[in-house]
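J.: Quick one, query23.cif (mmCIF, C-alpha atoms):
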data_my_file
#
loop_
_atom_site.label_atom_id
_atom_site.label_comp_id
_atom_site.auth_asym_id
_atom_site.auth_seq_id
_atom_site.Cartn_x
_atom_site.Cartn_y
_atom_site.Cartn_z
CA MET A 1 5.90 20.86 -14.03
CA ARG A 2 5.10 18.36 -16.76
CA THR A 3 5.71 14.79 -15.69
CA GLY A 4 6.24 11.44 -17.38
CA THR A 5 7.21 7.82 -16.86
CA ILE A 6 10.04 6.55 -14.68
CA LEU A 7 11.53 3.15 -15.55
CA CYS A 8 12.62 1.43 -12.34
CA VAL A 9 15.14 -1.37 -12.92
CA GLY A 10 16.81 -3.80 -10.52
CA ASN A 11 16.98 -7.32 -9.13
CA PHE A 12 13.82 -6.93 -7.05
CA GLU A 13 11.31 -9.79 -7.18
CA LEU A 14 7.90 -8.55 -8.21
CA PRO A 15 5.26 -7.93 -7.14
CA ASP A 16 6.16 -8.19 -3.43
CA ARG A 17 8.40 -11.21 -2.94
CA ASN A 18 11.27 -9.44 -1.17
CA ALA A 19 12.07 -6.27 0.75
CA ALA A 20 13.56 -4.71 -2.39
CA ALA A 21 10.20 -5.00 -4.17
CA HIS A 22 8.42 -3.35 -1.24
CA ARG A 23 10.99 -0.56 -1.32
CA VAL A 24 10.61 0.32 -4.99
CA VAL A 25 6.81 -0.08 -5.09
CA ASN A 26 6.26 2.23 -2.12
CA ASN A 27 8.68 4.72 -3.66
CA ALA A 28 6.59 4.56 -6.84
CA LYS A 29 3.46 5.40 -4.85
CA LEU A 30 5.29 8.47 -3.62
CA PHE A 31 6.29 9.41 -7.19
CA ARG A 32 2.67 9.01 -8.29
CA LEU A 33 1.62 11.63 -5.75
CA LEU A 34 3.83 14.03 -7.70
CA GLY A 35 2.51 13.05 -11.11
CA TYR A 36 5.02 10.41 -12.24
CA GLU A 37 4.04 6.93 -13.33
CA THR A 38 6.51 4.12 -12.67
CA VAL A 39 7.09 1.05 -14.81
CA PHE A 40 9.12 -1.79 -13.29
CA LEU A 41 11.69 -4.15 -14.76
CA GLY A 42 12.50 -6.73 -12.09
CA ALA A 43 14.21 -10.11 -11.95
CA CYS A 44 12.59 -13.52 -12.46
CA ARG A 45 14.27 -16.37 -10.56
CA GLY A 46 11.63 -19.06 -10.85
CA GLU A 47 11.83 -19.95 -14.54
CA VAL A 48 14.32 -21.27 -17.07
CA TYR A 49 16.57 -18.56 -18.45
CA PHE A 50 14.93 -16.45 -21.15
CA LYS A 51 16.18 -13.50 -23.18
CA GLY A 52 14.58 -10.11 -23.35
CA ILE A 53 11.74 -8.86 -21.19
CA VAL A 54 8.31 -10.28 -20.37
CA LYS A 55 5.30 -8.32 -19.16
CA ARG A 56 3.61 -9.82 -16.11
CA ASP A 57 0.03 -9.56 -14.90
CA PHE A 58 0.43 -9.37 -11.13
CA ASP A 59 -2.86 -7.53 -10.53
CA ALA A 60 -0.67 -4.70 -9.25
CA PRO A 61 -1.27 -0.93 -9.45
CA PHE A 62 1.76 -0.50 -11.74
CA GLU A 63 2.90 -2.03 -15.02
CA MET A 64 5.53 -4.68 -14.31
CA TYR A 65 8.03 -6.51 -16.50
CA GLU A 66 10.70 -9.08 -15.72
CA GLN A 67 14.00 -10.20 -17.17
CA SER A 68 15.54 -13.51 -16.25
CA TYR A 69 17.95 -13.60 -13.35
CA PRO A 70 21.33 -14.66 -14.81
CA PHE A 71 22.35 -18.28 -14.16
CA SER A 72 25.89 -18.23 -15.55
CA THR A 73 28.89 -15.92 -15.54
CA ARG A 74 28.28 -15.08 -19.21
CA GLN A 75 24.63 -14.22 -18.61
CA TRP A 76 25.59 -12.30 -15.48
CA ALA A 77 28.18 -10.22 -17.36
CA SER A 78 25.83 -9.63 -20.29
CA GLN A 79 23.11 -8.19 -18.08
CA ILE A 80 25.53 -5.94 -16.20
CA PHE A 81 27.21 -4.41 -19.24
CA ASP A 82 24.27 -4.29 -21.67
CA ALA A 83 21.35 -1.85 -21.31
CA GLY A 84 19.50 -3.34 -24.30
CA ASN A 85 16.50 -4.57 -22.29
CA ILE A 86 16.11 -1.19 -20.61
CA LEU A 87 16.30 0.64 -23.92
CA ALA A 88 13.74 -1.76 -25.42
CA LEU A 89 11.36 -1.10 -22.53
CA ALA A 90 11.75 2.67 -22.94
CA ARG A 91 10.55 2.40 -26.55
CA ASN A 92 7.15 1.33 -25.19
CA TYR A 93 6.91 4.54 -23.16
CA PRO A 94 7.70 7.62 -25.29
CA ASP A 95 7.22 9.89 -22.27
CA THR A 96 10.07 8.21 -20.35
CA THR A 97 11.61 10.96 -18.27
CA ALA A 98 14.04 8.95 -16.12
CA VAL A 99 15.62 5.57 -15.58
CA LEU A 100 15.87 4.72 -11.88
CA LEU A 101 18.38 1.96 -11.11
CA TYR A 102 17.90 0.08 -7.85
CA ASN A 103 21.21 -1.22 -6.43
CA THR A 104 22.52 -2.18 -9.85
CA GLN A 105 26.21 -2.48 -10.65
CA TYR A 106 28.23 0.61 -11.46
CA ALA A 107 28.88 -0.74 -14.97
CA THR A 108 25.12 -0.87 -15.55
CA ALA A 109 24.85 2.82 -14.71
CA LEU A 110 27.57 3.52 -17.31
CA ALA A 111 25.75 1.37 -19.89
CA VAL A 112 22.44 3.15 -19.30
CA ARG A 113 24.10 6.54 -19.49
CA LYS A 114 25.62 5.58 -22.86
CA ALA A 115 22.39 4.00 -24.19
CA PHE A 116 20.34 7.13 -23.47
CA ALA A 117 22.99 9.65 -24.52
CA GLY A 118 21.44 12.59 -26.37
CA ARG A 119 17.97 11.93 -24.96
CA ASP A 120 16.19 14.02 -22.37
CA VAL A 121 16.16 11.13 -19.90
CA ARG A 122 17.61 11.46 -16.42
CA LEU A 123 19.67 8.71 -14.81
CA LEU A 124 18.68 8.20 -11.17
CA TYR A 125 19.95 5.66 -8.64
CA ASP A 126 18.29 4.23 -5.53
CA CYS A 127 21.08 3.07 -3.21
CA THR A 128 20.25 0.99 -0.12
CA GLU A 129 23.52 -0.88 0.44
CA TRP A 130 27.28 -0.89 0.10
CA ASN A 131 27.77 -4.62 0.08
CA ALA A 132 30.91 -6.28 -1.24
CA TYR A 133 29.72 -9.83 -0.45
CA THR A 134 28.59 -12.24 -3.14
CA GLU A 135 28.70 -15.96 -3.83
CA GLY A 136 30.34 -17.52 -6.86
CA SER A 137 33.75 -17.60 -8.50
CA LEU A 138 36.80 -15.72 -7.29
CA LEU A 139 36.48 -13.40 -10.30
CA LYS A 140 32.86 -12.62 -9.47
CA ARG A 141 33.75 -11.88 -5.84
CA LYS A 142 36.56 -9.53 -6.87
CA VAL A 143 34.33 -7.72 -9.35
CA LYS A 144 31.64 -7.33 -6.69
CA ALA A 145 34.11 -5.87 -4.20
CA ALA A 146 35.40 -3.39 -6.76
CA ASP A 147 31.87 -2.49 -7.82
CA SER A 148 30.85 -1.76 -4.23
CA ARG A 149 33.69 0.72 -3.88
CA LEU A 150 32.81 2.41 -7.17
CA ILE A 151 29.17 2.77 -6.05
CA GLU A 152 30.36 4.36 -2.81
CA LEU A 153 33.01 6.66 -4.26
CA ARG A 154 32.09 7.52 -7.86
CA LEU A 155 28.34 7.10 -8.29
CA PRO A 156 27.45 10.83 -8.04
CA ARG A 157 29.58 11.59 -11.10
CA ARG A 158 27.40 9.35 -13.26
CA CYS A 159 23.91 10.15 -11.99
CA ASP A 160 21.55 13.09 -12.24
CA GLY A 161 20.15 12.24 -8.80
CA ILE A 162 20.53 9.71 -5.98
CA ILE A 163 18.07 8.31 -3.45
CA ALA A 164 20.03 7.30 -0.33
CA VAL A 165 18.59 5.13 2.41
CA SER A 166 20.69 6.48 5.32
CA THR A 167 22.51 9.55 6.58
CA ALA A 168 25.81 7.65 6.25
CA MET A 169 25.21 7.45 2.51
CA ARG A 170 24.01 11.04 2.35
CA ASP A 171 27.14 12.26 4.10
CA GLN A 172 29.38 10.20 1.81
CA TYR A 173 27.76 11.49 -1.38
CA GLY A 174 27.49 15.04 -0.07
CA ASP A 175 26.29 17.69 -2.50
CA LYS A 176 27.92 16.23 -5.61
CA THR A 177 24.48 15.49 -7.08
CA PRO A 178 20.87 16.15 -5.98
CA LEU A 179 20.15 13.66 -3.20
CA LEU A 180 16.96 12.48 -1.53
CA LEU A 181 17.25 10.79 1.88
CA LEU A 182 14.55 8.13 1.90
CA PRO A 183 14.36 5.29 4.45
CA PRO A 184 12.24 2.21 3.64
CA LEU A 185 8.63 3.37 3.33
CA VAL A 186 5.20 1.82 3.92
CA ASP A 187 1.68 2.49 2.71
CA LEU A 188 -0.59 2.71 5.74
CA GLU A 189 -3.68 2.45 3.54
CA ASP A 190 -2.60 -1.03 2.44
CA PRO A 191 -4.87 -3.60 4.16
CA VAL A 192 -1.78 -5.49 5.35
CA TRP A 193 -1.43 -2.97 8.19
CA ARG A 194 -5.12 -3.10 9.18
CA GLN A 195 -5.47 -6.85 9.68
CA THR A 196 -6.25 -8.67 12.91
CA PRO A 197 -3.06 -9.55 14.83
CA ARG A 198 -2.16 -13.18 15.46
CA GLU A 199 -3.39 -14.26 18.87
CA ALA A 200 -0.73 -15.53 21.24
CA GLU A 201 -0.79 -17.16 24.65
CA GLY A 202 1.46 -15.30 27.01
CA PHE A 203 4.25 -12.89 26.07
CA THR A 204 5.89 -13.49 22.68
CA PHE A 205 9.18 -12.18 21.34
CA CYS A 206 9.41 -12.15 17.57
CA TYR A 207 12.24 -12.17 15.04
CA ALA A 208 11.62 -11.93 11.29
CA GLY A 209 14.26 -12.08 8.59
CA SER A 210 16.86 -14.22 6.87
CA PRO A 211 19.85 -14.89 9.15
CA SER A 212 23.04 -13.85 7.39
CA ASP A 213 26.15 -11.84 8.04
CA LYS A 214 23.80 -8.94 8.91
CA ASP A 215 21.56 -10.47 11.60
CA ARG A 216 22.87 -12.29 14.68
CA LEU A 217 20.08 -14.76 15.34
CA ASP A 218 22.55 -16.95 17.25
CA LEU A 219 23.06 -14.26 19.90
CA LEU A 220 19.32 -13.70 20.18
CA LEU A 221 18.75 -17.42 20.76
CA ASN A 222 21.61 -17.48 23.27
CA ALA A 223 19.98 -14.75 25.33
CA PHE A 224 16.45 -16.12 25.04
CA ALA A 225 17.52 -19.59 26.20
CA ARG A 226 18.63 -18.07 29.50
CA LEU A 227 15.25 -16.58 30.35
CA PRO A 228 13.29 -18.39 33.07
CA LYS A 229 11.28 -21.26 31.62
CA GLY A 230 7.77 -20.16 30.74
CA ALA A 231 8.56 -16.43 30.93
CA ALA A 232 7.94 -15.93 27.22
CA SER A 233 8.00 -17.62 23.83
CA LEU A 234 10.01 -16.75 20.73
CA ARG A 235 8.77 -16.99 17.15
CA VAL A 236 11.44 -17.03 14.42
CA ILE A 237 9.88 -16.00 11.11
CA GLY A 238 11.56 -16.57 7.78
CA VAL A 239 13.50 -19.71 8.72
CA SER A 240 12.30 -23.29 9.13
CA GLU A 241 13.68 -25.54 11.83
CA LYS A 242 15.44 -27.57 9.14
CA GLU A 243 17.00 -24.48 7.62
CA TYR A 244 18.12 -23.30 11.04
CA ALA A 245 19.78 -26.64 11.73
CA ALA A 246 21.86 -26.22 8.56
CA LEU A 247 23.14 -22.78 9.59
CA PRO A 248 26.51 -22.28 11.30
CA ARG A 249 25.94 -22.65 15.03
CA GLY A 250 27.85 -19.51 16.04
CA ASP A 251 27.04 -18.61 19.64
CA ALA A 252 23.61 -20.26 19.67
CA PRO A 253 22.92 -22.71 22.52
CA GLU A 254 23.42 -26.42 21.88
CA ARG A 255 19.81 -27.11 22.80
CA LEU A 256 16.99 -24.70 22.15
CA PRO A 257 14.09 -24.27 24.58
CA ASP A 258 10.78 -25.87 23.63
CA ASN A 259 9.14 -22.45 23.43
CA VAL A 260 11.11 -21.43 20.30
CA THR A 261 9.00 -21.81 17.14
CA PHE A 262 10.35 -21.63 13.59
CA THR A 263 7.61 -20.68 11.16
CA GLY A 264 9.59 -20.91 7.92
CA ARG A 265 9.15 -18.29 5.24
CA LEU A 266 5.83 -16.45 5.37
CA SER A 267 4.22 -13.96 3.03
CA HIS A 268 4.58 -10.29 3.81
CA ARG A 269 0.97 -10.17 4.97
CA GLU A 270 1.46 -13.11 7.34
CA THR A 271 4.71 -11.63 8.66
CA VAL A 272 3.07 -8.31 9.49
CA ARG A 273 0.24 -10.19 11.22
CA GLU A 274 2.82 -11.96 13.39
CA ILE A 275 4.54 -8.68 14.27
CA LEU A 276 1.24 -6.99 15.10
CA GLY A 277 0.49 -9.78 17.56
CA CYS A 278 3.86 -10.06 19.31
CA GLY A 279 4.80 -8.53 22.63
CA CYS A 280 8.21 -7.34 21.44
CA PHE A 281 10.15 -7.48 18.17
CA VAL A 282 13.89 -8.29 18.43
CA PHE A 283 16.74 -8.23 15.93
CA LEU A 284 20.46 -7.74 16.42
CA ARG A 285 23.02 -6.27 14.03
CA GLU A 286 26.65 -5.52 14.72
CA PRO A 287 28.29 -2.29 13.53
CA SER A 288 29.80 -2.71 10.07
CA ARG A 289 30.18 -0.70 6.90
CA ARG A 290 27.27 -2.60 5.38
CA ASN A 291 24.94 -2.25 8.37
CA THR A 292 25.76 1.43 8.92
CA ALA A 293 25.07 2.32 5.31
CA GLY A 294 21.80 0.39 5.10
CA PHE A 295 18.56 0.82 7.01
CA PRO A 296 16.76 -2.25 8.42
CA THR A 297 13.35 -2.73 6.84
CA LYS A 298 12.37 -4.95 9.76
CA PHE A 299 12.74 -1.98 12.12
CA VAL A 300 10.46 0.10 9.89
CA GLU A 301 7.78 -2.60 9.92
CA ALA A 302 7.90 -3.24 13.68
CA PHE A 303 7.98 0.49 14.43
CA THR A 304 5.01 1.06 12.11
CA CYS A 305 3.10 -1.72 13.91
CA GLY A 306 3.65 0.17 17.16
CA VAL A 307 5.11 -2.79 19.07
CA PRO A 308 8.12 -2.50 21.41
CA VAL A 309 11.46 -3.15 19.72
CA ILE A 310 14.81 -4.39 21.01
CA THR A 311 17.65 -3.76 18.59
CA THR A 312 21.15 -2.39 18.25
CA ALA A 313 22.32 1.15 17.44
CA VAL A 314 22.99 0.73 13.73
CA SER A 315 22.33 3.13 10.87
CA ASP A 316 19.69 5.78 11.64
CA VAL A 317 17.65 3.58 13.99
CA PRO A 318 18.53 5.60 17.16
CA SER A 319 17.06 8.77 15.62
CA TYR A 320 13.62 7.11 15.56
CA ALA A 321 13.87 5.50 18.99
CA ASP A 322 11.47 6.44 21.78
CA ASP A 323 10.31 4.91 25.04
CA GLY A 324 8.93 1.95 23.10
CA CYS A 325 12.40 1.00 21.85
CA VAL A 326 15.37 -0.50 23.66
CA ILE A 327 18.53 0.40 21.75
CA LEU A 328 21.56 -1.69 22.71
CA ARG A 329 25.17 -0.56 22.40
CA ASP A 330 26.38 -4.10 21.70
CA THR A 331 25.08 -7.56 20.82
CA ALA A 332 26.50 -9.37 23.84
CA PRO A 333 24.01 -12.03 25.05
CA ASP A 334 24.15 -10.54 28.57
CA SER A 335 23.00 -7.18 27.19
CA VAL A 336 20.24 -8.79 25.15
CA LEU A 337 19.11 -10.88 28.12
CA ALA A 338 18.96 -7.79 30.35
CA ALA A 339 16.87 -6.00 27.72
CA MET A 340 14.45 -8.93 27.46
CA ARG A 341 14.09 -9.11 31.22
CA GLY A 342 13.48 -5.36 31.30
CA VAL A 343 10.74 -5.60 28.68
CA LEU A 344 9.07 -8.45 30.58
CA ALA A 345 9.26 -6.49 33.84
CA ARG A 346 7.84 -3.30 32.37
CA ASP A 347 4.66 -2.64 30.48
CA LEU A 348 6.11 -0.95 27.41
CA PRO A 349 3.55 1.05 25.45
CA ARG A 350 1.89 -0.27 22.31
CA ARG A 351 1.23 2.82 20.28
CA GLY A 352 -0.92 1.49 17.47
CA LEU A 353 -0.02 2.16 13.87
CA ARG A 354 2.53 4.92 13.34
CA ASP A 355 2.91 7.05 10.23
CA ASP A 356 6.58 8.08 10.51
CA PHE A 357 7.48 5.92 7.49
CA ASP A 358 4.29 6.34 5.48
CA TYR A 359 5.26 7.41 1.98
CA ARG A 360 2.86 10.36 2.05
CA SER A 361 4.98 12.02 4.74
CA ARG A 362 7.88 12.37 2.25
CA ALA A 363 6.03 14.17 -0.53
CA ASP A 364 7.49 17.64 0.05
CA GLU A 365 11.08 16.36 0.21
CA CYS A 366 10.60 14.30 -2.94
CA ARG A 367 9.01 17.20 -4.81
CA ARG A 368 12.01 19.41 -4.05
CA TRP A 369 14.34 16.64 -5.25
CA PHE A 370 12.53 16.31 -8.57
CA GLU A 371 12.67 20.08 -9.01
CA ARG A 372 16.44 20.02 -8.46
CA ILE A 373 17.04 17.35 -11.07
CA SER A 374 14.54 18.92 -13.49
CA CYS A 375 12.97 15.52 -14.15
CA ASN A 376 10.37 16.56 -16.72
CA ASN A 377 9.63 16.40 -20.42
CA GLU A 378 9.78 19.94 -21.67
#
What does the file become when written as structure tokens?
T.:
Amino acid sequence: MRTGTILCVGNFELPDRNAAAHRVVNNAKLFRLLGYETVFLGACRGEVYFKGIVKRDFDAPFEMYEQSYPFSTRQWASQIFDAGNILALARNYPDTTAVLLYNTQYATALAVRKAFAGRDVRLLYDCTEWNAYTEGSLLKRKVKAADSRLIELRLPRRCDGIIAVSTAMRDQYGDKTPLLLLPPLVDLEDPVWRQTPREAEGFTFCYAGSPSDKDRLDLLLNAFARLPKGAASLRVIGVSEKEYAALPRGDAPERLPDNVTFTGRLSHRETVREILGCGCFVFLREPSRRNTAGFPTKFVEAFTCGVPVITTAVSDVPSYADDGCVILRDTAPDSVLAAMRGVLARDLPRRGLRDDFDYRSRADECRRWFERISCNNE
């Protein structure tokens, strides 16, 4: 099979500034195993608005471009409904064989399909969420809600192939288009997984993420505050103490124990080092359409590190659980507290690095998917 270039487009922050970027880059490593090169067009949030695309030198193993993240409703609408930047990028790569959209709006898929009409270029879509939430005007919120439903219900009609992050998505899309089930992946040869763990005094629970409507940090703090003083410490990664104070209190205790540390936002490398050194990783998510359809990257990272995990039964997490995981049926603080006490009382195994989510393990499945969508330049 002759191969070519895949243009990967979405609001990921290159080269590795968010989980979305890690997702698409590790997928690209998988595609490279099968002979495809990937070129990225991500979003730039840190500069004044600019038009068009800009090539970036990130010292990364792939060619990477950025377009400005929209700052106004007009810019936002223009980027959604206009595939001009994507078409311009494709002109630089005559062997473009596919455009892979990462969690873009449904209207963008329609625009790309129209822009590449008559060309031998496949339209692919990497879907990791069905999320109707957004900030902004009432119009923007309504458009987002409608878009989320279109992505869930009509996407297969517009795409030549879909990458779905969970079995819930796979079951929804069915066999309407070639589908590849792909959870968040890692690259075990990346030095980030081989570094020396952070040293800790005593037993340390760890949470890493950005508290939102997905994660219930308040319930985790509620449970931890009820542990005997000195039994363990808790490190909250991704949030500073000041940022935490500005969050809605929810069910968090009025006064936090002294052994809760907020590190603020850390790099991916520093975060993995923290997880490698903790005694147990904890995060809580309640069942919802959004959480069931997605797949928590933080579970993938903690599981890969081989540390014990306490979490809730959302998405496909239970299918990966073993005796190193405590899977809760609810997020009630009493349940979380009992799980923490159980972990402290038992010596749960640390398994070392695990390869379940290493991208190399998905090569055969991905090859069959490419064969089904005939993604080649013949």
J.: Need the neighbours of (0.7, 0.1, -11.4): which residues are at most 9 Å away, counting only C-alpha atoms, as a tab-separated table (two decimals) with C-alpha atoms, keeping the file's coordinate frame?
T.:
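Result went into point.tsv, see below:
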chain	number	residue	atom	x	y	z
A	25	VAL	CA	6.81	-0.08	-5.09
A	28	ALA	CA	6.59	4.56	-6.84
A	29	LYS	CA	3.46	5.40	-4.85
A	37	GLU	CA	4.04	6.93	-13.33
A	38	THR	CA	6.51	4.12	-12.67
A	39	VAL	CA	7.09	1.05	-14.81
A	40	PHE	CA	9.12	-1.79	-13.29
A	59	ASP	CA	-2.86	-7.53	-10.53
A	60	ALA	CA	-0.67	-4.70	-9.25
A	61	PRO	CA	-1.27	-0.93	-9.45
A	62	PHE	CA	1.76	-0.50	-11.74
A	63	GLU	CA	2.90	-2.03	-15.02
A	64	MET	CA	5.53	-4.68	-14.31
J.: Can you give me, as a PyMOL selection string, the residues this file yields under the PyMOL selection byres ((chain A and resi 347) around 12)?
T.: chain A and resi 203+279-280+307-308+323-324+341-346+348-350
J.: Counting all atoms listed in the file, which residues of region 316-341 of chain A fall within 9 Å of region 286-302 of chain A, and what is the closest atom pair for each with its distance in Å at one decimal, ordered by chain and rising number, as a Markdown table?
T.:
| residue | atom | partner | partner_atom | distance |
| --- | --- | --- | --- | --- |
| A:Asp316 | CA | A:Phe295 | CA | 6.9 |
| A:Val317 | CA | A:Phe295 | CA | 7.6 |
| A:Asp330 | CA | A:Glu286 | CA | 7.1 |
| A:Thr331 | CA | A:Glu286 | CA | 6.6 |
J.: Would you kindly return, as an NGL selection string, each protein, DNA or RNA residue with an atom no farther than 12 Å from any atom of Ala77 (chain A), considering all atoms listed in the file and excluding same-chain residues fewer than 5 positions away?
T.: :A and (69-72 or 82-83 or 105 or 107-108 or 139-140 or 143-144)
J.: Report, in Å with one decimal, the straight-line distance from CA of Lys229 (chain A) to CA of Tyr244 (chain A).
T.: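 Pair CA of Lys229 (chain A) / CA of Tyr244 (chain A) returns 21.8 Å.
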J.: Put the listed atoms of region 288-300 of chain A in a box along x, y and z with 3 Å added on every side and give me the centre and edge lengths in Å to one decimal, as lines of an AutoDock Vina configuration file.
T.:
center_x = 20.3
center_y = -1.3
center_z = 8.6
size_x = 25.7
size_y = 13.3
size_z = 13.0
J.: Could you work out how far CA of Asn26 (chain A) lies from CA of Glu13 (chain A), giving the answer in Å with one decimal?
T.: 14.0 Å
J.: Given the file above and the PyMOL selection byres ((chain A and resi 239-243) around 10), which residues are selected, and can you give them as an MDAnalysis selection string?
T.: chainID A and resid 207:211 236:238 244:247 260:266
J.: Write a file of the selected residues as a PDB file, in the coordinates of the input, keeping C-alpha atoms.
T.:
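Dumped everything to selection20.pdb:
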ATOM      1  CA  TYR A 207      12.240 -12.170  15.040  1.00  0.00           C
ATOM      2  CA  ALA A 208      11.620 -11.930  11.290  1.00  0.00           C
ATOM      3  CA  GLY A 209      14.260 -12.080   8.590  1.00  0.00           C
ATOM      4  CA  SER A 210      16.860 -14.220   6.870  1.00  0.00           C
ATOM      5  CA  PRO A 211      19.850 -14.890   9.150  1.00  0.00           C
ATOM      6  CA  VAL A 236      11.440 -17.030  14.420  1.00  0.00           C
ATOM      7  CA  ILE A 237       9.880 -16.000  11.110  1.00  0.00           C
ATOM      8  CA  GLY A 238      11.560 -16.570   7.780  1.00  0.00           C
ATOM      9  CA  TYR A 244      18.120 -23.300  11.040  1.00  0.00           C
ATOM     10  CA  ALA A 245      19.780 -26.640  11.730  1.00  0.00           C
ATOM     11  CA  ALA A 246      21.860 -26.220   8.560  1.00  0.00           C
ATOM     12  CA  LEU A 247      23.140 -22.780   9.590  1.00  0.00           C
ATOM     13  CA  VAL A 260      11.110 -21.430  20.300  1.00  0.00           C
ATOM     14  CA  THR A 261       9.000 -21.810  17.140  1.00  0.00           C
ATOM     15  CA  PHE A 262      10.350 -21.630  13.590  1.00  0.00           C
ATOM     16  CA  THR A 263       7.610 -20.680  11.160  1.00  0.00           C
ATOM     17  CA  GLY A 264       9.590 -20.910   7.920  1.00  0.00           C
ATOM     18  CA  ARG A 265       9.150 -18.290   5.240  1.00  0.00           C
ATOM     19  CA  LEU A 266       5.830 -16.450   5.370  1.00  0.00           C
TER      20      LEU A 266
END
J.: Between CA of Tyr106 (chain A) and CA of Leu138 (chain A), what distance in Å does the model show, to one decimal?
T.: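 Computing it gives 18.9 Å between the two atoms.
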J.: Apply the PyMOL selection byres ((chain A and resi 190) around 12) to the displayed file and report the matching residues as JSON, numbers by chain.
T.: {"A": [22, 26, 29, 61, 186, 187, 188, 189, 191, 192, 193, 194, 195, 268, 269, 272, 358, 359]}
J.: Name the residues within 12 Å of (14.9, -23.8, -13.2), counting all atoms listed in the file in the file's coordinates, and put them as a list in words.
T.: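 With a cut-off of 12 Å, the residues come to Cys44, Arg45, Gly46, Glu47, Val48, Tyr49, Phe50, Ser68, Tyr69, Pro70 and Phe71 of chain A.
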J.: Restricting the calculation to only C-alpha atoms: of A:Ala20, A:Ala252, A:Leu181, A:Ala232, which residue gets closest to Cys206 (chain A)?
T.: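 Looking at the shortest contact to Cys206 (chain A), the residue is A:Ala232.
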